[in-house]
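*Asks:* For reference, the file coords23.txt (compact mmCIF, N, CA and C atoms) is included below:
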```
# COMPACT_ATOMS: atom_id res chain seq x y z
N MET A 1 4.70 -7.37 7.67
CA MET A 1 5.39 -6.22 8.21
C MET A 1 6.01 -6.63 9.55
N GLY A 2 7.28 -6.37 9.72
CA GLY A 2 7.97 -6.76 10.93
C GLY A 2 7.93 -5.73 12.04
N ILE A 3 7.37 -4.57 11.77
CA ILE A 3 7.28 -3.54 12.81
C ILE A 3 5.84 -3.09 12.95
N ALA A 4 5.54 -2.55 14.11
CA ALA A 4 4.20 -2.06 14.37
C ALA A 4 3.93 -0.82 13.50
N PRO A 5 2.71 -0.70 12.98
CA PRO A 5 2.39 0.47 12.15
C PRO A 5 2.66 1.80 12.84
N ARG A 6 2.49 1.85 14.13
CA ARG A 6 2.70 3.14 14.83
C ARG A 6 4.16 3.57 14.82
N ARG A 7 5.09 2.64 14.54
CA ARG A 7 6.50 3.05 14.42
C ARG A 7 6.69 3.97 13.23
N LEU A 8 5.83 3.85 12.23
CA LEU A 8 5.94 4.71 11.05
C LEU A 8 5.68 6.17 11.39
N THR A 9 5.07 6.43 12.52
CA THR A 9 4.84 7.81 12.95
C THR A 9 5.81 8.24 14.05
N GLY A 10 6.85 7.40 14.29
CA GLY A 10 7.88 7.79 15.24
C GLY A 10 7.81 7.14 16.61
N TRP A 11 6.80 6.33 16.87
CA TRP A 11 6.68 5.68 18.18
C TRP A 11 7.80 4.67 18.38
N GLU A 12 8.32 4.60 19.57
CA GLU A 12 9.30 3.58 19.96
C GLU A 12 8.81 2.95 21.25
N PRO A 13 8.98 1.64 21.38
CA PRO A 13 8.54 0.98 22.61
C PRO A 13 9.36 1.44 23.81
N GLY A 14 8.69 1.63 24.93
CA GLY A 14 9.37 2.03 26.15
C GLY A 14 10.07 0.84 26.81
N GLU A 15 11.09 1.14 27.58
CA GLU A 15 11.83 0.11 28.32
C GLU A 15 12.02 0.56 29.75
N VAL A 16 11.98 -0.42 30.66
CA VAL A 16 12.27 -0.17 32.07
C VAL A 16 13.25 -1.23 32.52
N THR A 17 14.36 -0.80 33.11
CA THR A 17 15.35 -1.74 33.63
C THR A 17 15.33 -1.68 35.14
N THR A 18 15.22 -2.85 35.77
CA THR A 18 15.24 -2.97 37.22
C THR A 18 16.55 -3.65 37.63
N PHE A 19 17.22 -3.05 38.60
CA PHE A 19 18.50 -3.59 39.07
C PHE A 19 18.32 -4.21 40.44
N GLU A 20 19.02 -5.32 40.68
CA GLU A 20 18.98 -5.98 41.99
C GLU A 20 20.42 -6.05 42.51
N TRP A 21 20.58 -5.61 43.77
CA TRP A 21 21.91 -5.55 44.38
C TRP A 21 21.95 -6.50 45.57
N ASP A 22 23.12 -7.06 45.81
CA ASP A 22 23.24 -7.91 47.01
C ASP A 22 23.57 -7.04 48.20
N GLY A 23 23.73 -7.66 49.36
CA GLY A 23 23.99 -6.92 50.59
C GLY A 23 25.29 -6.13 50.57
N ALA A 24 26.25 -6.55 49.72
CA ALA A 24 27.53 -5.86 49.65
C ALA A 24 27.51 -4.74 48.61
N GLY A 25 26.38 -4.54 47.97
CA GLY A 25 26.27 -3.47 47.00
C GLY A 25 26.69 -3.86 45.59
N ARG A 26 26.85 -5.19 45.39
CA ARG A 26 27.22 -5.64 44.05
C ARG A 26 25.95 -5.92 43.22
N LEU A 27 26.07 -5.61 41.97
CA LEU A 27 24.95 -5.86 41.06
C LEU A 27 24.80 -7.36 40.87
N VAL A 28 23.61 -7.85 41.18
CA VAL A 28 23.33 -9.28 41.05
C VAL A 28 22.58 -9.55 39.76
N ARG A 29 21.67 -8.65 39.42
CA ARG A 29 20.81 -8.88 38.26
C ARG A 29 20.30 -7.54 37.73
N ALA A 30 20.18 -7.51 36.41
CA ALA A 30 19.54 -6.38 35.74
C ALA A 30 18.52 -6.97 34.78
N VAL A 31 17.27 -6.58 34.94
CA VAL A 31 16.20 -7.11 34.10
C VAL A 31 15.56 -5.94 33.36
N THR A 32 15.56 -6.04 32.03
CA THR A 32 14.94 -5.01 31.21
C THR A 32 13.65 -5.57 30.63
N VAL A 33 12.57 -4.83 30.85
CA VAL A 33 11.27 -5.21 30.31
C VAL A 33 10.91 -4.17 29.25
N ARG A 34 10.61 -4.68 28.07
CA ARG A 34 10.28 -3.80 26.96
C ARG A 34 8.79 -3.86 26.66
N GLU A 35 8.22 -2.73 26.31
CA GLU A 35 6.82 -2.64 25.92
C GLU A 35 6.61 -3.50 24.67
N ALA A 36 5.45 -4.13 24.57
CA ALA A 36 5.14 -4.98 23.42
C ALA A 36 5.20 -4.18 22.12
N GLU A 37 5.75 -4.79 21.08
CA GLU A 37 5.86 -4.14 19.77
C GLU A 37 4.49 -3.87 19.18
N PHE A 38 3.60 -4.86 19.25
CA PHE A 38 2.29 -4.73 18.64
C PHE A 38 1.21 -4.62 19.71
N SER A 39 0.46 -3.54 19.65
CA SER A 39 -0.67 -3.37 20.56
C SER A 39 -1.88 -4.11 19.97
N GLU A 40 -2.94 -4.21 20.72
CA GLU A 40 -4.18 -4.82 20.20
C GLU A 40 -4.68 -4.03 18.99
N VAL A 41 -4.53 -2.73 19.02
CA VAL A 41 -4.97 -1.88 17.90
C VAL A 41 -4.12 -2.17 16.66
N ASP A 42 -2.79 -2.30 16.84
CA ASP A 42 -1.91 -2.62 15.71
C ASP A 42 -2.31 -3.95 15.07
N VAL A 43 -2.53 -4.96 15.90
CA VAL A 43 -2.90 -6.28 15.39
C VAL A 43 -4.23 -6.22 14.65
N ALA A 44 -5.21 -5.54 15.24
CA ALA A 44 -6.52 -5.42 14.59
C ALA A 44 -6.41 -4.70 13.26
N MET A 45 -5.60 -3.65 13.21
CA MET A 45 -5.43 -2.88 11.99
C MET A 45 -4.75 -3.74 10.90
N LEU A 46 -3.72 -4.48 11.26
CA LEU A 46 -3.02 -5.31 10.29
C LEU A 46 -3.91 -6.45 9.79
N LEU A 47 -4.68 -7.05 10.68
CA LEU A 47 -5.58 -8.13 10.27
C LEU A 47 -6.67 -7.61 9.33
N ALA A 48 -7.20 -6.43 9.64
CA ALA A 48 -8.23 -5.84 8.79
C ALA A 48 -7.67 -5.51 7.40
N GLU A 49 -6.45 -4.99 7.36
CA GLU A 49 -5.82 -4.68 6.07
C GLU A 49 -5.53 -5.95 5.29
N PHE A 50 -5.07 -6.99 5.96
CA PHE A 50 -4.81 -8.27 5.30
C PHE A 50 -6.10 -8.81 4.68
N GLU A 51 -7.17 -8.75 5.45
CA GLU A 51 -8.47 -9.23 4.96
C GLU A 51 -8.94 -8.40 3.77
N ARG A 52 -8.82 -7.08 3.87
CA ARG A 52 -9.24 -6.20 2.79
C ARG A 52 -8.43 -6.45 1.52
N ALA A 53 -7.13 -6.64 1.68
CA ALA A 53 -6.25 -6.82 0.52
C ALA A 53 -6.49 -8.16 -0.17
N ASN A 54 -7.00 -9.13 0.55
CA ASN A 54 -7.17 -10.46 -0.01
C ASN A 54 -8.59 -10.78 -0.44
N VAL A 55 -9.43 -9.77 -0.53
CA VAL A 55 -10.80 -9.96 -1.01
C VAL A 55 -10.77 -9.99 -2.54
N LEU A 56 -11.41 -10.99 -3.12
CA LEU A 56 -11.50 -11.07 -4.57
C LEU A 56 -12.35 -9.92 -5.09
N ARG A 57 -11.80 -9.16 -6.03
CA ARG A 57 -12.49 -7.99 -6.57
C ARG A 57 -12.59 -8.10 -8.09
N GLY A 58 -13.63 -7.50 -8.63
CA GLY A 58 -13.79 -7.44 -10.08
C GLY A 58 -12.99 -6.28 -10.64
N ARG A 59 -13.02 -6.12 -11.97
CA ARG A 59 -12.30 -5.01 -12.61
C ARG A 59 -12.84 -3.66 -12.15
N HIS A 60 -14.03 -3.65 -11.62
CA HIS A 60 -14.67 -2.41 -11.14
C HIS A 60 -14.20 -2.04 -9.75
N GLY A 61 -13.45 -2.92 -9.08
CA GLY A 61 -12.94 -2.63 -7.75
C GLY A 61 -13.84 -3.07 -6.61
N ARG A 62 -15.05 -3.48 -6.91
CA ARG A 62 -15.99 -3.90 -5.87
C ARG A 62 -15.72 -5.37 -5.52
N PRO A 63 -15.91 -5.74 -4.24
CA PRO A 63 -15.76 -7.15 -3.87
C PRO A 63 -16.75 -8.01 -4.67
N MET A 64 -16.28 -9.14 -5.18
CA MET A 64 -17.13 -10.00 -5.98
C MET A 64 -18.29 -10.58 -5.17
N SER A 65 -18.08 -10.80 -3.88
CA SER A 65 -19.18 -11.31 -3.06
C SER A 65 -20.34 -10.32 -3.02
N GLU A 66 -20.02 -9.04 -3.08
CA GLU A 66 -21.05 -7.99 -3.10
C GLU A 66 -21.61 -7.82 -4.52
N ALA A 67 -20.71 -7.79 -5.51
CA ALA A 67 -21.11 -7.51 -6.88
C ALA A 67 -21.97 -8.61 -7.49
N THR A 68 -21.85 -9.82 -6.98
CA THR A 68 -22.62 -10.93 -7.54
C THR A 68 -23.80 -11.35 -6.67
N ALA A 69 -24.00 -10.64 -5.57
CA ALA A 69 -25.12 -10.98 -4.68
C ALA A 69 -26.44 -10.64 -5.37
N PRO A 70 -27.39 -11.57 -5.42
CA PRO A 70 -28.68 -11.33 -6.10
C PRO A 70 -29.39 -10.07 -5.62
N GLU A 71 -29.29 -9.76 -4.34
CA GLU A 71 -29.99 -8.57 -3.83
C GLU A 71 -29.40 -7.27 -4.35
N ASN A 72 -28.22 -7.33 -4.99
CA ASN A 72 -27.60 -6.13 -5.52
C ASN A 72 -27.78 -5.97 -7.03
N GLN A 73 -28.66 -6.76 -7.62
CA GLN A 73 -28.83 -6.72 -9.07
C GLN A 73 -29.11 -5.30 -9.59
N PHE A 74 -29.90 -4.53 -8.86
CA PHE A 74 -30.25 -3.18 -9.31
C PHE A 74 -29.68 -2.11 -8.38
N ALA A 75 -28.63 -2.45 -7.64
CA ALA A 75 -28.11 -1.56 -6.60
C ALA A 75 -27.00 -0.62 -7.07
N TYR A 76 -26.56 -0.74 -8.31
CA TYR A 76 -25.39 0.02 -8.75
C TYR A 76 -25.72 1.09 -9.77
N ASP A 77 -24.98 2.18 -9.70
CA ASP A 77 -25.01 3.24 -10.69
C ASP A 77 -23.58 3.40 -11.20
N VAL A 78 -23.44 3.85 -12.42
CA VAL A 78 -22.12 4.09 -12.99
C VAL A 78 -22.09 5.53 -13.49
N PRO A 79 -21.33 6.40 -12.81
CA PRO A 79 -21.24 7.79 -13.28
C PRO A 79 -20.41 7.86 -14.56
N PRO A 80 -20.44 9.01 -15.24
CA PRO A 80 -19.64 9.14 -16.46
C PRO A 80 -18.16 8.91 -16.15
N PRO A 81 -17.42 8.44 -17.14
CA PRO A 81 -16.00 8.17 -16.90
C PRO A 81 -15.20 9.45 -16.73
N THR A 82 -14.02 9.29 -16.16
CA THR A 82 -13.06 10.37 -16.00
C THR A 82 -11.89 10.08 -16.93
N THR A 83 -11.40 11.09 -17.60
CA THR A 83 -10.26 10.88 -18.50
C THR A 83 -8.97 10.89 -17.71
N ASP A 84 -8.17 9.86 -17.92
CA ASP A 84 -6.83 9.78 -17.36
C ASP A 84 -5.90 10.41 -18.40
N TRP A 85 -5.58 11.68 -18.21
CA TRP A 85 -4.83 12.44 -19.21
C TRP A 85 -3.42 11.89 -19.40
N ALA A 86 -2.82 11.39 -18.33
CA ALA A 86 -1.47 10.81 -18.45
C ALA A 86 -1.53 9.55 -19.31
N GLN A 87 -2.53 8.69 -19.09
CA GLN A 87 -2.67 7.46 -19.88
C GLN A 87 -2.96 7.78 -21.34
N LYS A 88 -3.78 8.82 -21.57
CA LYS A 88 -4.11 9.22 -22.94
C LYS A 88 -2.85 9.65 -23.69
N LYS A 89 -2.04 10.46 -23.05
CA LYS A 89 -0.80 10.94 -23.67
C LYS A 89 0.17 9.78 -23.89
N LEU A 90 0.25 8.86 -22.94
CA LEU A 90 1.11 7.69 -23.08
C LEU A 90 0.69 6.85 -24.28
N LYS A 91 -0.60 6.61 -24.40
CA LYS A 91 -1.10 5.80 -25.52
C LYS A 91 -0.78 6.47 -26.85
N GLU A 92 -0.95 7.79 -26.93
CA GLU A 92 -0.63 8.52 -28.16
C GLU A 92 0.85 8.40 -28.50
N ALA A 93 1.71 8.52 -27.50
CA ALA A 93 3.16 8.42 -27.72
C ALA A 93 3.54 7.01 -28.17
N GLN A 94 2.91 5.99 -27.57
CA GLN A 94 3.20 4.61 -27.95
C GLN A 94 2.74 4.32 -29.37
N GLU A 95 1.58 4.82 -29.74
CA GLU A 95 1.09 4.61 -31.10
C GLU A 95 1.99 5.30 -32.12
N ALA A 96 2.46 6.51 -31.81
CA ALA A 96 3.36 7.23 -32.71
C ALA A 96 4.70 6.49 -32.83
N PHE A 97 5.21 5.99 -31.73
CA PHE A 97 6.46 5.24 -31.75
C PHE A 97 6.32 3.98 -32.60
N LYS A 98 5.23 3.26 -32.38
CA LYS A 98 4.98 2.02 -33.13
C LYS A 98 4.88 2.30 -34.64
N LYS A 99 4.28 3.43 -34.99
CA LYS A 99 4.15 3.80 -36.40
C LYS A 99 5.53 4.08 -37.00
N SER A 100 6.41 4.75 -36.22
CA SER A 100 7.76 5.06 -36.70
C SER A 100 8.67 3.84 -36.68
N TRP A 101 8.44 2.94 -35.74
CA TRP A 101 9.29 1.77 -35.57
C TRP A 101 8.42 0.51 -35.52
N PRO A 102 7.87 0.08 -36.66
CA PRO A 102 6.91 -1.03 -36.68
C PRO A 102 7.49 -2.36 -36.19
N GLN A 103 8.80 -2.53 -36.27
CA GLN A 103 9.41 -3.79 -35.83
C GLN A 103 9.73 -3.79 -34.33
N ALA A 104 9.51 -2.67 -33.65
CA ALA A 104 9.86 -2.57 -32.22
C ALA A 104 9.03 -3.54 -31.39
N ASP A 105 9.68 -4.14 -30.42
CA ASP A 105 8.99 -5.02 -29.47
C ASP A 105 8.40 -4.12 -28.38
N MET A 106 7.17 -3.71 -28.55
CA MET A 106 6.53 -2.75 -27.65
C MET A 106 6.41 -3.28 -26.22
N ASP A 107 6.31 -4.61 -26.08
CA ASP A 107 6.16 -5.17 -24.74
C ASP A 107 7.43 -5.07 -23.91
N SER A 108 8.58 -4.87 -24.54
CA SER A 108 9.82 -4.81 -23.78
C SER A 108 10.25 -3.38 -23.48
N LEU A 109 9.51 -2.41 -23.96
CA LEU A 109 9.87 -1.01 -23.73
C LEU A 109 9.26 -0.51 -22.42
N LEU A 110 10.03 0.26 -21.70
CA LEU A 110 9.54 0.89 -20.48
C LEU A 110 9.26 2.35 -20.79
N TRP A 111 8.11 2.81 -20.37
CA TRP A 111 7.68 4.17 -20.66
C TRP A 111 7.54 4.95 -19.36
N LEU A 112 7.93 6.20 -19.41
CA LEU A 112 7.83 7.08 -18.26
C LEU A 112 6.94 8.26 -18.64
N VAL A 113 6.00 8.59 -17.79
CA VAL A 113 5.14 9.74 -18.02
C VAL A 113 5.55 10.81 -17.00
N THR A 114 5.97 11.96 -17.50
CA THR A 114 6.34 13.06 -16.61
C THR A 114 5.38 14.23 -16.83
N LYS A 115 5.23 15.01 -15.80
CA LYS A 115 4.34 16.17 -15.88
C LYS A 115 5.18 17.41 -16.18
N ARG A 116 4.75 18.17 -17.21
CA ARG A 116 5.45 19.39 -17.57
C ARG A 116 5.33 20.42 -16.46
N ASP A 117 6.38 21.22 -16.32
CA ASP A 117 6.36 22.34 -15.39
C ASP A 117 5.51 23.43 -16.02
N PRO A 118 4.40 23.83 -15.38
CA PRO A 118 3.52 24.84 -15.98
C PRO A 118 4.21 26.19 -16.17
N GLU A 119 5.30 26.42 -15.46
CA GLU A 119 6.03 27.70 -15.55
C GLU A 119 7.01 27.71 -16.72
N ALA A 120 7.31 26.55 -17.25
CA ALA A 120 8.33 26.46 -18.32
C ALA A 120 7.78 26.80 -19.67
```
What does this structure look like when you write it as C-alpha cells?
*Replies:*
Amino acid sequence: MGIAPRRLTGWEPGEVTTFEWDGAGRLVRAVTVREAEFSEVDVAMLLAEFERANVLRGRHGRPMSEATAPENQFAYDVPPPTTDWAQKKLKEAQEAFKKSWPQADMDSLLWLVTKRDPEA
C-alpha cells in the first residue's frame, strides 16, 4: 500500500512553509516541511496485517502452527455447520445446467448469484 491507512478515513498530512527574506525584503528561501506519511501506528498496523496475511492456514482457517501443536490435540470443538444458501442455490443451478447441456465446459462459465428483492 502506497498510502497510510489513516488516509482512507480522510486524514491528510499537514504542511508548514517557512519563508526567509533578505535585508531588502526579497524572498531568499521557502522551505516546506511535510508531516510523515506513515506514523508508528500505521507501520505497526501494516506489519501486523502483513504477518497475519502470510501465516500458513489450514482449510479450517486456523494457523497450522497452532492446529498441529501437540498441546492442542484435544483443544478444538466443531459446532454444527451453517448452510450457505447462495452456494446451495448456485450448485443446484449448475447441476441443472449441466443436465440440460452435458457438453458444456462448466469450468469456463462464470456464474453470478443475485439476491431476490423480498418486495418483488
*Asks:* Taking only region 5-89 of chain A into account, list the residues labelled strand (DSSP E) by DSSP (computed from the backbone), as a list in words.
*Replies:* Glu15, Val16, Thr17, Thr18, Phe19, Glu20, Trp21, Leu27, Val28, Arg29, Ala30, Val31, Thr32, Val33 and Arg34 of chain A
*Asks:* Please measure the separation of CA of Lys89 (chain A) and CA of Gln103 (chain A), giving the value in Å to one decimal.
*Replies:*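 CA of Gln103 (chain A) lies 21.7 Å from CA of Lys89 (chain A).
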*Asks:* At a cut-off of 6 Å, using all atoms listed in the file, what residues contact region 35-44 of chain A? Leave out same-chain residues fewer than 5 positions from it and give the result as a PyMOL selection string.
*Replies:* chain A and resi 4-5+13-15+49
*Asks:* Just give me the gap between CA of Thr32 (chain A) and atom N of Arg7 (chain A) in Å, one decimal is fine.
*Replies:* 20.8 Å
*Asks:* Could you please write out, as a ChimeraX atom specification, every residue of region 19-113 of chain A that DSSP assigns to alpha helix (DSSP H)?
*Replies:* /A:40-53,64-67,85-100
*Asks:* Give me the box for region 57-65 of chain A as AutoDock Vina command-line options, namely the centre and edge lengths in Å to one decimal of a box along x, y and z that holds every listed atom plus 4 Å on each side.
*Replies:*
```
--center_x -16.1 --center_y -6.7 --center_z -7.8 --size_x 16.5 --size_y 17.3 --size_z 17.6
```
*Asks:* Extract, using only N, CA and C atoms, all DNA, RNA and protein residues at most 8 Å from Thr18 (chain A), discarding same-chain residues fewer than 3 positions from it, and format them as a list in words.
*Replies:*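 Contacts, with the query itself left out: Glu15, Trp21, Arg29, Ala30, Val31, Thr32 and Val33 of chain A.
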*Asks:* Considering only C-alpha atoms, can you say which of A:Ala93, A:Met45, A:Val78, A:Met64 comes closest to Met106 (chain A)?
*Replies:*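 The shortest atom-to-atom distance to Met106 (chain A) comes from A:Ala93.
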*Asks:* Let me make sure I understand: among A:Arg34, A:Lys99, A:Lys115, A:His60, which one has the smallest atom-to-atom distance to Gln87 (chain A) if we use only C-alpha atoms?
*Replies:*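 Result for the nearest residue to Gln87 (chain A): A:Lys115.
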*Asks:* Distance atom C of Leu90 (chain A)-CA of Leu109 (chain A), one decimal place?
*Replies:*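 Computing it gives 12.1 Å between the two atoms.
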